[in-house]
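K.L.:
Sharing a structure below in structure tokens format, with a few things to ask.
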Amino acid sequence: MGIGTSLIRVDAVEKVTGTAKYVGDLEPKDALVAKVVHSTIANGVVKSFDLEEALKVPGVVKIVTCFDVPDYQFPTPGHPWSTEKAHQDIADRKLLNQRVRVYGDDIAAVVAENEIAANRAVRLIKVEYEEHEPILCVEQAMKEGADILHEERPDNIVGHSSFQVGEGTYEEAIKEEGLVTLEKEYETQPVQHCHIEVPHSFAYMEKGRIVVVSSTQIPHIVRRVIGQALGIPWGKVRVIKPYIGGGFGNKQDVLYEPLNAFLCTQVGGRCVKLELTREETLACTRTRHAIKYKIKAAVRKDGTLVARTFKAYSNQGAYASHGHAIVANGANIFKQMYRDEKVLESESFTVYTNCITAGAMRAYGIPQGAFATECLADDLAYAIGMDPLEFRLKNCMQAGYVDPHTKITCHSYGLQECIKIGREHIKWDEKRERYKNQTGSKRRGVGMAIFCYKTGVYPISLETASCRMILNQDGSIQLQMGATEIGQGADTVFTQMASEVTGITEDNIHILTVQDTDITPFDTGAYASRQSYVSGMAVKKTGKILKNKILAYAEYMLQKKADTMDVKQNQIVDKDTNEILLSLGELAEEAFYSLEHCEHITAEATSQCKNNTFATGACFVEVEVDIPYGTVEIIDIINVHDSGKLLNPKLAQAQVHGGMSMGLGYTLGEELLYDKIGRPLNNNLLDYKMPTAMDTPKLNTAFVELEDPTGPFGNKALGEPPAIPQAPAIRNAILHATGVAFDTLPLNPEKLVLEFMEHGLIKGKGEN
Amino acid sequence: MFKIIHMVVNGKEVEVPVDERESLLETLRNRLGLTSVKKGCEVGECGACTVLVDGEAIDSCIYMTVCAEGKHILTTEGLKGPNGELSPIQKAFVEEAAVQCGFCTPGLIMSAVEIVGTGKRYNREELKKLISGHLCRCTGYENILNAMERIVEETYQVTQRNFAEEKNC
Amino acid sequence: MYDIESVIVASTVDEAIEELVKNPKAEVISGGTDVLIKIREGKMAGCHLVNISNIPELKGIEMDSDGTIIIKAATVFSHITNDDIIKQYIPNLGDAVDQVGGPQIRNMGTIGGNVCNGVTSADSASTLCVLDAKMELKGPEGTRIIPITEWYQGAGKTVRKQNEILTAIRIEKENYEGYHGRYIKYGKRKAMEIATLGCSVMTKLTPDKKAIEKLKIGYGVAGPVPMRCVEAEQMARGKTVSRELLDCICENVLKEVHPRSSWRASKEFRLQLVEEMLRRAFEETVIAGGGNIDV
């Protein structure tokens with residue numbers, strides 16, 4: 001077995017039998033129930049509470065308000081901590097907030113014996129507010145004299161950055177004669193992760209420490225942030241992460257764990273559980289940033305991209321969370337994906353508003369950036385009458401690309417091969433021609449989009465991971481990772497990696513799914529498509545150490561030089577002849593119980609990764625647009641990925657399916673909606689339109705497998721990229737089918753119908 | 001108020017005192033320890049809490065336990081064979097990589113039990129409709145449908161064979 | 001845990017009525033797929049419930065000797081869809097209720113609950129309107145029959161009194177025989193959806209298949225309650241089937257409906273759907289009836 005085989009998930013049996021334990025399955029029966037009191041205004045200040053009626057509810061144990069919490073502001077994003085103050089995350093919220101910055105802000109909490117009592121008390125708490133006018137868009141927040149949401153940032157700007165590639169300015173560049181220029185605005189909407197398990201935690205005290213069991217992607221970061229929020233030493237906090245029901249970046253934020261920990265301390269250390277409702281999950285956790293791009297671009301008639309300049313405005317919502325990192329990451333795809341012959345100017349803003357806080361969501365700003373670059377690519381190609389695919393081939397990232405600022409290098413390059421596979425699959429050339437000049441109420445079109453995605457966060461942030469391997473008496477090992485399994489299959493590929501390196505078969509490798517900050521070694525967690533790359537390096541390093549220790553012990557037992565032996569299929573073998581010399585079980589038994597030379601063979605290593613590489617890929621799609629209905633049917637869709645060597649092809653494919661489905665929801669229907677006062681309108685799974693099986697077409701996948709020299713096993717990013725390209729590919733296909741260019745997401749039927757009316761494809765009512 | 005409810009759960013008769021305000025989801029999880037039944041939305045939108053009541057798939061989060069008096073309930077815990085072996089449906093989910101985070105999985109498997117139990121042959125589009133009461137964010141439903149297609153076909157073949165054998169007898 | 005004060009699981013209709021009379025604040029709950037959600041929102045905290053979902057006399061579908069189809073109110077959607085009588089005589093109703101929520105909801109939700117909550121988006125409602133359904137209510141004073149046209153009293157309101165139980169929905173032979181029906185639900189997704197608009201059409205062609213003997217057009221979400229477009233129906237009577245006729249029907253219908261703008265959909269969009277769905281549904285019923293719109 002080992003790398004490159006489709007090993008069955010190591011947790012599959014537990015999951016199909018329902019024996020895998022998630023947070024809710026571990027909760028003590030006598031746990032107290034905490035419910036958060038959310039503000040019913042979007043902007044203002046809590047003046048006072050009237051708790052009298054609420055406190056009378058039988059079963060209420062404690063009510064804590066924003067006037068009772070420690071005066072510490074803390075950050076929430078799942079970034080590695082920085083020891084340099086300037087690079088630390090923005091600490092802009094307290095456990096409960098007196099200054100209300102979003103409809104549903106956390107202003108108080110009730111702890112009760114049961115859920116009904118807690119809910120009744122929440123409903124009976126009366127709050128007096130000083131109300132301010134809600135600021136729901138970036139323009140309003142950036143206006144001179146706008147209400148200040150955080151006093152540390154009087155201009156409401158969370159972050160502002162700019163970069164340039166090339167010489168001169170855009171305005172100078174477009175002085176060249178004969179250029180075709182375009183000015184466009186593209187805009188994306190806020191959406192939510194919709195992991196099926198809601199954020200859920202419980203906390204209790206043990207030996208003067210707080211133990212928090214939580215559904216999180218980042219247990220070690222949760223530990224640090226709880227320490228920061230409560231003002232206690234980090235070692236006083238223990239975080240345990242059992243099986244989790246999806247995260248997609250929402251659980252790469254520290255959500256309610258600090259409040260949960262605090263509430264536990266307020267009831268004498270008794271166990272308190274805090275499980276969000278689905279409605280709270282959609283309204284009070286994190287979203288993908290809505291970003292508006294204002295772009296100017298110039299192209300030569302031969303298809304050469306000459307220059308672009310753009311400004312991006314990212315709606316951060318109430319609290320900084322991952323903040324400016326998202327739009328800044330999204331801006332990078334402009335320079336990385338396409339070369340401007342003369343110059344690219346980029347400027348990005350992240351702005352506080354009274355909307356729900358935006359954070360990390362699968363592909364971290366790139367779905368938004370790619371929507372802009374890929375819509376623009378088609379719009380420029382149309383402007384000069386060029387095939388959009390040829391335009392891309394002429395201007396896209398080339399082999400060996402080096403980012404001029406971060407120096408991240410494309411060490412393995414499969415982009416053009418991906419485009420080739422997609423082109424053939426969708427029958428691009430034939431269908432671009434065939435679907436020209438259609439009439440009728442149903443029209444077809446083909447579209448495409450390309451993308452690139454770096455692997456992990458180096459050199460922007462620290463990349464570190466650790467691994468521990470412990471030999472058991474029977475020659476099997478335990479594998480402990482700080483990295484987290486969140487559904488993506490990390491535990492399975494770590495097992496395969498360990499097998500590959502140690503020579504121990506997968507059935508003899510027992511990986512610990514639970515991350516416990518008291519037990520499992522340090523790792524920053526599941527995000528940035530980093531684990532198989534960065535944490536994989538830790539497995540490789542640790543595996544080598546373990547194997548060397550095993551061989552050293554074999555040398556002692558067999559009186560044969562360690563470097564003449566190897567471990568294969570759980571056996572110590574002669575390196576040259578493969579002759580079996582000793583079983584690992586025999587060796588382990590001796591090592592454990594030898595009266596002469598007893599040794600518990602273990603290995604542990606930290607791998608600090610100081611490298612990075614680009615994964616790339618393309619999406620091709622054929623759609624049929626039902627014009628009078630405004631609906632888009634996906635006739636065919638394929639994602640083609642250049643993600644290096646596949647560790648487990650079947651799981652890799654499954655990962656792509658999930659990303660495509662998420663991308664389809666992002667494109668065609670998902671959007672969090674708010675009314676004029678910032679109150680969420682559709683924060684439930686009936687009104688928030690994530691796709692059902694009936695909405696999902698056949699999902700085709702293909703891979704260009706090139707070994708990446710920097711990946712521990714030739715691999716590079718795959719977790720997030722699948723969700724990037726669907727929106728622009730479908731938008732471009734609709735453009736091909738109907739001639740109408742949609743520049744805002746989602747592409748829902750109402751938007752399409754109204755736009756088709758505008759373009760005369762549908763007669764307006766009353767014109768009949 | 002507490003009421004004593006009699007049900008047959010996973011083939012076993014149980015008599016359980018419940019708060020009349022309880023959902024079947026809560027009774028199964030909290031009183032009977034059947035934690036395969038997952039809570040995802042509490043309003044019948046996600047399907048994670050699906051169990052079979054008298055052979056039909058329902059969302060146990062919006063089913064009052066007091067209505068389950070005298071009924072047969074089946075959860076994922078009830079599917080394993082006597083020696084702990086997986087049922088064919090569970091095996092198909094495992095082998096087709098239809099499982100990722102696993103939170104929607106037990107509910108989907110219960111719907112699969114109802115669908116397969118009909119012994120009918122369904123095409124992929126029909127299967128999509130039959131599982132449309134389940135939301136899954138990890139898989140895009142692709143491998144779940146592959147597993148379902150496989151098991152529906154296998155079951156159909158077995159049923160046909162049995163039918164033919166009966167005829168011959 | 002639902003925040004309720006008490007629940008009685010009634011085993012007969014009379015017992016249920018008795019409980020409702022005893023406690024004038026008690027509310028009826030059937031499949032629970034709507035009521036329990038309202039309770040969870042805190043809207044009905046502390047209420048008393050009378051559960052009628054386990055009453056045998058409220059289950060099943062029968063046909064009277066005169067051809068009247070009787071659908072007992074607590075019959076769940078999936079049982080309606082799979083019922084032989086429904087499949088044979090009013091498949092458009094079976095198809096309509098097969099589009100409620102998802103499969104699990106359809107195994108729980110009842111047709112009685114669907115019409116008793118009084119909402120305009122109920123998937124069964126527009127089809128029951130075109131079937132001219134009669135609603136059978138039983139209360140302490142006995143039984144009364146209400147035509148569906150008089151059933152709805154406003155958004156979320158019906159004529160059912162607190163102490164009455166909807167026991168059955170009756171569909172008379174003259175209202176289904178010879179018709180071909182089609183319900184189209186328009187939603188933003190293909191499942192787990194509230195109708196953005198629902199359109200139900202039943203067409204009875206003349207024996208030569210050339211003209212309309214009778215046309216019935218029903219809508220959900222085209223107004224505060226499910227509705228019929230009576231003027232368009234009248235206008236079409238006896239007319240030869242043609243594209244021009246369909247244009248005229250649409251023109252009439254657009255005058256009769258009054259959808260509103262909400263965050264779910266604008267009036268303008270709904271009006272587009274009112275016409276387009278009618279066109280498609282009508283054409284399908286004509287074809288099913290052996291006619292041809294393009295002749």
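Each chain of the structure tokens is named A, B, ... in the order shown, its residues numbered from 1; ligands are numbered from 1 in display order.
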Per residue of chain B within 8 Å of chain A, what are the shortest atom pair and its distance in Å to one decimal, counting only C-alpha atoms, with rows by chain and residue number, as a tab-separated table?
P.N.:
```
residue	atom	partner	partner_atom	distance
B:Asn30	CA	A:Lys29	CA	7.6
B:Thr35	CA	A:Asp25	CA	5.9
B:Ser36	CA	A:Gly18	CA	4.1
B:Val37	CA	A:Gly18	CA	7.6
B:Lys39	CA	A:Glu197	CA	7.4
B:Gly40	CA	A:Glu197	CA	5.6
B:Cys41	CA	A:Arg278	CA	5.2
B:Glu42	CA	A:Arg278	CA	7.9
B:Glu45	CA	A:Leu685	CA	6.0
B:Cys46	CA	A:Leu685	CA	7.2
B:Ala48	CA	A:Ile196	CA	7.8
B:Thr76	CA	A:Thr17	CA	6.0
B:Glu77	CA	A:Thr17	CA	6.3
B:Leu79	CA	A:Thr17	CA	7.9
B:Lys80	CA	A:Thr17	CA	7.6
B:Leu86	CA	A:Thr17	CA	7.8
B:Gln90	CA	A:Val16	CA	5.7
B:Phe93	CA	A:Val16	CA	7.2
B:Val94	CA	A:Ala12	CA	5.7
B:Glu95	CA	A:Ile8	CA	6.7
B:Ala97	CA	A:Leu651	CA	6.8
B:Ala98	CA	A:Ala654	CA	7.9
B:Val99	CA	A:Ala12	CA	6.5
B:Gln100	CA	A:Gly487	CA	4.5
B:Cys101	CA	A:Gly487	CA	3.5
B:Gly102	CA	A:Lys15	CA	5.2
B:Phe103	CA	A:Gly245	CA	5.0
B:Cys104	CA	A:Ile196	CA	6.9
B:Thr105	CA	A:Val16	CA	6.2
B:Pro106	CA	A:Gly18	CA	5.9
B:Ile109	CA	A:Val16	CA	7.5
B:Glu125	CA	A:Met694	CA	7.5
B:Lys128	CA	A:Ala693	CA	5.1
B:Lys129	CA	A:Met694	CA	5.8
B:Ile131	CA	A:Ala693	CA	6.8
B:Ser132	CA	A:Ala693	CA	5.4
B:Gly133	CA	A:Thr692	CA	7.6
B:His134	CA	A:Thr692	CA	7.2
B:Leu135	CA	A:Thr692	CA	6.0
B:Cys136	CA	A:Ile196	CA	6.9
B:Arg137	CA	A:His195	CA	6.1
B:Cys138	CA	A:Gly658	CA	4.6
B:Thr139	CA	A:Gly658	CA	4.2
B:Gly140	CA	A:Gly658	CA	4.6
B:Tyr141	CA	A:Ala693	CA	5.9
B:Glu142	CA	A:His657	CA	6.7
B:Asn143	CA	A:Ala654	CA	7.2
```
K.L.:
Those same residues - N, CA and C atoms - I'd like them written as a short mmCIF file (atom, residue, chain, number, x, y, z; two decimals), in the first residue's frame.
P.N.:
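Wrote out-v4.cif, looks like this:
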```cif
data_model
loop_
_atom_site.label_atom_id
_atom_site.label_comp_id
_atom_site.auth_asym_id
_atom_site.auth_seq_id
_atom_site.Cartn_x
_atom_site.Cartn_y
_atom_site.Cartn_z
N ASN B 30 -30.46 10.80 23.95
CA ASN B 30 -30.19 11.06 25.36
C ASN B 30 -30.65 9.95 26.29
N THR B 35 -26.43 7.47 19.53
CA THR B 35 -25.89 8.75 19.08
C THR B 35 -25.55 8.78 17.59
N SER B 36 -25.90 7.73 16.87
CA SER B 36 -25.74 7.82 15.41
C SER B 36 -26.75 8.84 14.86
N VAL B 37 -27.80 9.07 15.60
CA VAL B 37 -28.85 10.01 15.17
C VAL B 37 -28.34 11.42 15.44
N LYS B 39 -27.95 15.66 15.16
CA LYS B 39 -28.75 16.88 15.14
C LYS B 39 -28.05 17.91 14.27
N GLY B 40 -28.70 18.37 13.21
CA GLY B 40 -28.05 19.34 12.34
C GLY B 40 -28.80 20.65 12.19
N CYS B 41 -30.12 20.61 12.41
CA CYS B 41 -30.87 21.86 12.21
C CYS B 41 -32.09 21.97 13.12
N GLU B 42 -32.60 20.85 13.57
CA GLU B 42 -33.78 20.78 14.46
C GLU B 42 -35.09 21.21 13.82
N GLU B 45 -34.73 20.18 8.02
CA GLU B 45 -34.18 20.68 6.76
C GLU B 45 -32.95 19.91 6.29
N CYS B 46 -32.21 19.29 7.23
CA CYS B 46 -30.91 18.72 6.82
C CYS B 46 -30.92 17.20 6.72
N ALA B 48 -30.05 14.95 8.91
CA ALA B 48 -29.02 14.24 9.67
C ALA B 48 -29.64 13.32 10.73
N THR B 76 -29.19 3.58 12.75
CA THR B 76 -28.00 2.96 12.17
C THR B 76 -27.42 1.88 13.09
N GLU B 77 -27.57 2.08 14.39
CA GLU B 77 -27.06 1.08 15.34
C GLU B 77 -27.71 -0.27 15.12
N LEU B 79 -28.32 -1.75 12.31
CA LEU B 79 -28.05 -2.35 11.00
C LEU B 79 -26.97 -3.42 11.00
N LYS B 80 -26.08 -3.36 11.97
CA LYS B 80 -24.96 -4.30 12.00
C LYS B 80 -25.46 -5.73 12.16
N LEU B 86 -20.79 -5.30 8.75
CA LEU B 86 -21.54 -4.20 8.17
C LEU B 86 -22.65 -4.73 7.28
N GLN B 90 -23.99 -0.24 4.27
CA GLN B 90 -22.83 0.37 4.93
C GLN B 90 -21.54 0.04 4.19
N PHE B 93 -21.21 2.19 1.14
CA PHE B 93 -20.79 3.56 1.49
C PHE B 93 -19.28 3.60 1.76
N VAL B 94 -18.78 2.59 2.45
CA VAL B 94 -17.36 2.54 2.78
C VAL B 94 -16.53 2.41 1.49
N GLU B 95 -16.92 1.47 0.66
CA GLU B 95 -16.09 1.16 -0.51
C GLU B 95 -16.17 2.21 -1.60
N ALA B 97 -16.28 5.37 -1.08
CA ALA B 97 -15.79 6.64 -0.52
C ALA B 97 -16.91 7.66 -0.44
N ALA B 98 -18.08 7.20 0.01
CA ALA B 98 -19.24 8.07 0.11
C ALA B 98 -19.26 8.83 1.43
N VAL B 99 -18.21 8.64 2.21
CA VAL B 99 -18.17 9.22 3.55
C VAL B 99 -17.04 10.25 3.61
N GLN B 100 -17.33 11.43 4.12
CA GLN B 100 -16.23 12.35 4.42
C GLN B 100 -16.31 12.74 5.89
N CYS B 101 -16.94 13.88 6.21
CA CYS B 101 -16.95 14.22 7.64
C CYS B 101 -17.81 13.25 8.44
N GLY B 102 -18.76 12.62 7.76
CA GLY B 102 -19.53 11.56 8.41
C GLY B 102 -20.77 12.01 9.16
N PHE B 103 -21.02 13.29 9.20
CA PHE B 103 -22.13 13.76 10.04
C PHE B 103 -23.49 13.51 9.39
N CYS B 104 -23.53 13.55 8.07
CA CYS B 104 -24.81 13.28 7.40
C CYS B 104 -24.98 11.79 7.14
N THR B 105 -23.91 11.03 7.32
CA THR B 105 -23.87 9.64 6.85
C THR B 105 -24.93 8.73 7.48
N PRO B 106 -25.05 8.66 8.82
CA PRO B 106 -26.04 7.72 9.37
C PRO B 106 -27.46 8.01 8.87
N ILE B 109 -27.80 6.79 5.34
CA ILE B 109 -27.85 5.33 5.32
C ILE B 109 -29.26 4.85 5.67
N GLU B 125 -31.42 9.63 -11.42
CA GLU B 125 -32.28 10.81 -11.19
C GLU B 125 -33.31 10.51 -10.10
N LYS B 128 -31.62 10.57 -6.79
CA LYS B 128 -31.37 11.94 -6.35
C LYS B 128 -32.60 12.49 -5.62
N LYS B 129 -33.76 12.24 -6.18
CA LYS B 129 -34.98 12.73 -5.54
C LYS B 129 -35.19 12.03 -4.20
N ILE B 131 -33.05 10.98 -2.12
CA ILE B 131 -32.17 11.42 -1.03
C ILE B 131 -32.15 12.95 -0.90
N SER B 132 -33.10 13.60 -1.55
CA SER B 132 -33.06 15.07 -1.57
C SER B 132 -33.44 15.69 -0.22
N GLY B 133 -33.85 14.86 0.72
CA GLY B 133 -34.13 15.38 2.06
C GLY B 133 -32.90 15.36 2.96
N HIS B 134 -31.74 15.15 2.36
CA HIS B 134 -30.49 15.15 3.12
C HIS B 134 -29.55 16.19 2.55
N LEU B 135 -29.00 17.01 3.40
CA LEU B 135 -27.99 17.95 2.93
C LEU B 135 -26.61 17.40 3.30
N CYS B 136 -25.71 17.44 2.33
CA CYS B 136 -24.33 17.04 2.57
C CYS B 136 -23.45 18.12 1.95
N ARG B 137 -22.47 18.59 2.70
CA ARG B 137 -21.62 19.65 2.18
C ARG B 137 -20.27 19.13 1.71
N CYS B 138 -19.95 17.87 2.02
CA CYS B 138 -18.60 17.38 1.71
C CYS B 138 -18.50 16.70 0.36
N THR B 139 -19.53 15.97 -0.05
CA THR B 139 -19.35 14.99 -1.12
C THR B 139 -19.93 15.39 -2.47
N GLY B 140 -20.75 16.44 -2.49
CA GLY B 140 -21.46 16.75 -3.73
C GLY B 140 -22.40 15.60 -4.13
N TYR B 141 -22.67 14.70 -3.19
CA TYR B 141 -23.59 13.57 -3.34
C TYR B 141 -23.10 12.52 -4.35
N GLU B 142 -22.02 12.81 -5.05
CA GLU B 142 -21.60 11.95 -6.17
C GLU B 142 -21.33 10.51 -5.71
N ASN B 143 -20.47 10.35 -4.72
CA ASN B 143 -20.14 8.99 -4.30
C ASN B 143 -21.27 8.35 -3.49
#
```
K.L.:
Would you mind listing, for every residue of chain C within 10 Å of chain B, the two atoms forming the shortest contact and the distance between them in Å to one decimal, using only C-alpha atoms, sorted by chain and ascending residue number, as a Markdown table?
P.N.:
```
| residue | atom | partner | partner_atom | distance |
| --- | --- | --- | --- | --- |
| C:Met1 | CA | B:Glu22 | CA | 4.7 |
| C:Tyr2 | CA | B:Arg21 | CA | 5.1 |
| C:Asp3 | CA | B:Arg21 | CA | 6.9 |
| C:Ile4 | CA | B:Arg21 | CA | 6.4 |
| C:Glu5 | CA | B:Arg21 | CA | 7.9 |
| C:Ser6 | CA | B:Glu20 | CA | 7.1 |
| C:Val7 | CA | B:Glu20 | CA | 6.8 |
| C:Ile8 | CA | B:Val66 | CA | 8.7 |
| C:Val9 | CA | B:Cys67 | CA | 6.9 |
| C:Ala10 | CA | B:Cys67 | CA | 9.8 |
| C:Gly31 | CA | B:Tyr63 | CA | 8.0 |
| C:Gly32 | CA | B:Ile62 | CA | 6.5 |
| C:Thr33 | CA | B:Ile62 | CA | 6.3 |
| C:Asp34 | CA | B:Val43 | CA | 8.8 |
| C:Val35 | CA | B:Ile62 | CA | 9.2 |
| C:Leu36 | CA | B:Ile62 | CA | 6.3 |
| C:Ile37 | CA | B:Val43 | CA | 5.8 |
| C:Lys38 | CA | B:Val43 | CA | 9.4 |
| C:Arg40 | CA | B:Val43 | CA | 8.2 |
| C:Glu41 | CA | B:Val43 | CA | 9.9 |
| C:Asn51 | CA | B:Cys67 | CA | 8.1 |
| C:Ile52 | CA | B:Cys67 | CA | 9.4 |
| C:Ser53 | CA | B:Cys67 | CA | 7.7 |
| C:Asn54 | CA | B:Cys67 | CA | 7.0 |
| C:Ser78 | CA | B:Glu56 | CA | 9.9 |
| C:Gln99 | CA | B:Lys129 | CA | 9.7 |
| C:Gly101 | CA | B:Gly133 | CA | 7.2 |
| C:Gly102 | CA | B:Gly133 | CA | 4.2 |
| C:Pro103 | CA | B:Gly133 | CA | 5.6 |
| C:Gln104 | CA | B:Ile58 | CA | 4.4 |
| C:Ile105 | CA | B:Ile58 | CA | 6.7 |
| C:Arg106 | CA | B:Ile58 | CA | 8.4 |
| C:Asn107 | CA | B:Ile58 | CA | 6.2 |
| C:Met108 | CA | B:Ile58 | CA | 6.5 |
| C:Gly109 | CA | B:Ile58 | CA | 9.8 |
| C:Lys190 | CA | B:Ser132 | CA | 8.5 |
| C:Ala191 | CA | B:Ser132 | CA | 6.1 |
| C:Met192 | CA | B:Gly133 | CA | 6.6 |
| C:Glu193 | CA | B:Glu45 | CA | 9.5 |
```
K.L.:
Since we have the selection now, will you write its residues out, keeping N, CA and C atoms, as a short mmCIF file (atom, residue, chain, number, x, y, z; two decimals), in the first residue's frame?
P.N.:
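Wrote part.cif, looks like this:
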```cif
data_model
loop_
_atom_site.label_atom_id
_atom_site.label_comp_id
_atom_site.auth_asym_id
_atom_site.auth_seq_id
_atom_site.Cartn_x
_atom_site.Cartn_y
_atom_site.Cartn_z
N MET C 1 -36.08 19.72 22.94
CA MET C 1 -37.29 19.80 23.78
C MET C 1 -38.18 20.94 23.27
N TYR C 2 -39.40 20.61 22.92
CA TYR C 2 -40.32 21.65 22.44
C TYR C 2 -40.89 22.39 23.65
N ASP C 3 -40.92 23.70 23.53
CA ASP C 3 -41.43 24.50 24.65
C ASP C 3 -42.96 24.52 24.60
N ILE C 4 -43.55 23.44 25.09
CA ILE C 4 -45.01 23.34 25.15
C ILE C 4 -45.41 23.03 26.58
N GLU C 5 -46.67 23.28 26.88
CA GLU C 5 -47.13 22.98 28.23
C GLU C 5 -47.58 21.51 28.33
N SER C 6 -48.30 21.07 27.32
CA SER C 6 -48.75 19.68 27.36
C SER C 6 -49.10 19.20 25.97
N VAL C 7 -49.20 17.89 25.83
CA VAL C 7 -49.67 17.33 24.57
C VAL C 7 -50.52 16.11 24.84
N ILE C 8 -51.66 16.05 24.14
CA ILE C 8 -52.53 14.88 24.22
C ILE C 8 -52.45 14.18 22.87
N VAL C 9 -52.18 12.90 22.87
CA VAL C 9 -52.21 12.15 21.62
C VAL C 9 -53.58 11.49 21.53
N ALA C 10 -54.43 12.07 20.70
CA ALA C 10 -55.82 11.58 20.62
C ALA C 10 -55.89 10.31 19.79
N GLY C 31 -48.99 16.27 11.39
CA GLY C 31 -47.64 15.72 11.12
C GLY C 31 -46.55 16.44 11.88
N GLY C 32 -46.80 17.69 12.22
CA GLY C 32 -45.86 18.44 13.05
C GLY C 32 -44.80 19.20 12.29
N THR C 33 -44.76 19.01 10.96
CA THR C 33 -43.65 19.60 10.20
C THR C 33 -43.72 21.12 10.12
N ASP C 34 -44.89 21.70 10.41
CA ASP C 34 -44.97 23.16 10.49
C ASP C 34 -45.07 23.63 11.94
N VAL C 35 -45.97 22.98 12.69
CA VAL C 35 -46.26 23.45 14.06
C VAL C 35 -45.01 23.37 14.95
N LEU C 36 -44.27 22.27 14.87
CA LEU C 36 -43.12 22.13 15.76
C LEU C 36 -42.03 23.15 15.43
N ILE C 37 -42.01 23.57 14.20
CA ILE C 37 -41.01 24.58 13.81
C ILE C 37 -41.40 25.94 14.38
N LYS C 38 -42.70 26.24 14.34
CA LYS C 38 -43.16 27.49 14.96
C LYS C 38 -42.89 27.49 16.45
N ARG C 40 -40.53 25.95 17.99
CA ARG C 40 -39.10 26.13 18.21
C ARG C 40 -38.69 27.59 18.08
N GLU C 41 -39.39 28.31 17.23
CA GLU C 41 -39.08 29.74 17.08
C GLU C 41 -39.54 30.53 18.31
N ASN C 51 -52.65 16.17 19.50
CA ASN C 51 -52.02 15.54 18.35
C ASN C 51 -53.00 14.56 17.70
N ILE C 52 -53.22 14.75 16.39
CA ILE C 52 -54.19 13.89 15.69
C ILE C 52 -53.52 12.96 14.67
N SER C 53 -52.19 12.89 14.74
CA SER C 53 -51.51 12.13 13.68
C SER C 53 -51.66 10.62 13.81
N ASN C 54 -52.10 10.16 14.99
CA ASN C 54 -52.23 8.70 15.15
C ASN C 54 -53.69 8.23 15.15
N SER C 78 -46.67 11.19 1.15
CA SER C 78 -46.13 10.07 0.36
C SER C 78 -47.19 9.00 0.14
N GLN C 99 -43.97 17.14 -4.22
CA GLN C 99 -42.96 18.20 -4.33
C GLN C 99 -42.82 19.00 -3.03
N GLY C 101 -41.25 19.74 0.39
CA GLY C 101 -39.99 19.47 1.13
C GLY C 101 -39.15 18.38 0.51
N GLY C 102 -38.85 17.36 1.31
CA GLY C 102 -38.08 16.21 0.83
C GLY C 102 -38.79 14.94 1.27
N PRO C 103 -38.22 13.78 0.94
CA PRO C 103 -38.89 12.52 1.23
C PRO C 103 -39.30 12.33 2.70
N GLN C 104 -38.42 12.70 3.64
CA GLN C 104 -38.78 12.49 5.04
C GLN C 104 -39.99 13.35 5.43
N ILE C 105 -39.98 14.60 4.96
CA ILE C 105 -41.11 15.49 5.25
C ILE C 105 -42.39 14.90 4.65
N ARG C 106 -42.26 14.31 3.47
CA ARG C 106 -43.46 13.76 2.83
C ARG C 106 -43.94 12.49 3.52
N ASN C 107 -43.07 11.88 4.31
CA ASN C 107 -43.52 10.74 5.12
C ASN C 107 -44.16 11.20 6.43
N MET C 108 -44.07 12.48 6.73
CA MET C 108 -44.57 12.99 8.01
C MET C 108 -45.72 13.96 7.83
N GLY C 109 -45.55 14.89 6.90
CA GLY C 109 -46.52 15.96 6.73
C GLY C 109 -47.83 15.43 6.16
N LYS C 190 -34.45 22.37 -6.42
CA LYS C 190 -35.37 21.34 -6.90
C LYS C 190 -35.97 20.51 -5.77
N ALA C 191 -35.49 20.70 -4.55
CA ALA C 191 -36.09 20.01 -3.40
C ALA C 191 -35.92 20.90 -2.18
N MET C 192 -36.52 20.51 -1.07
CA MET C 192 -36.42 21.27 0.17
C MET C 192 -36.72 22.75 -0.10
N GLU C 193 -37.88 23.00 -0.60
CA GLU C 193 -38.15 24.33 -1.12
C GLU C 193 -39.57 24.79 -0.82
#
```
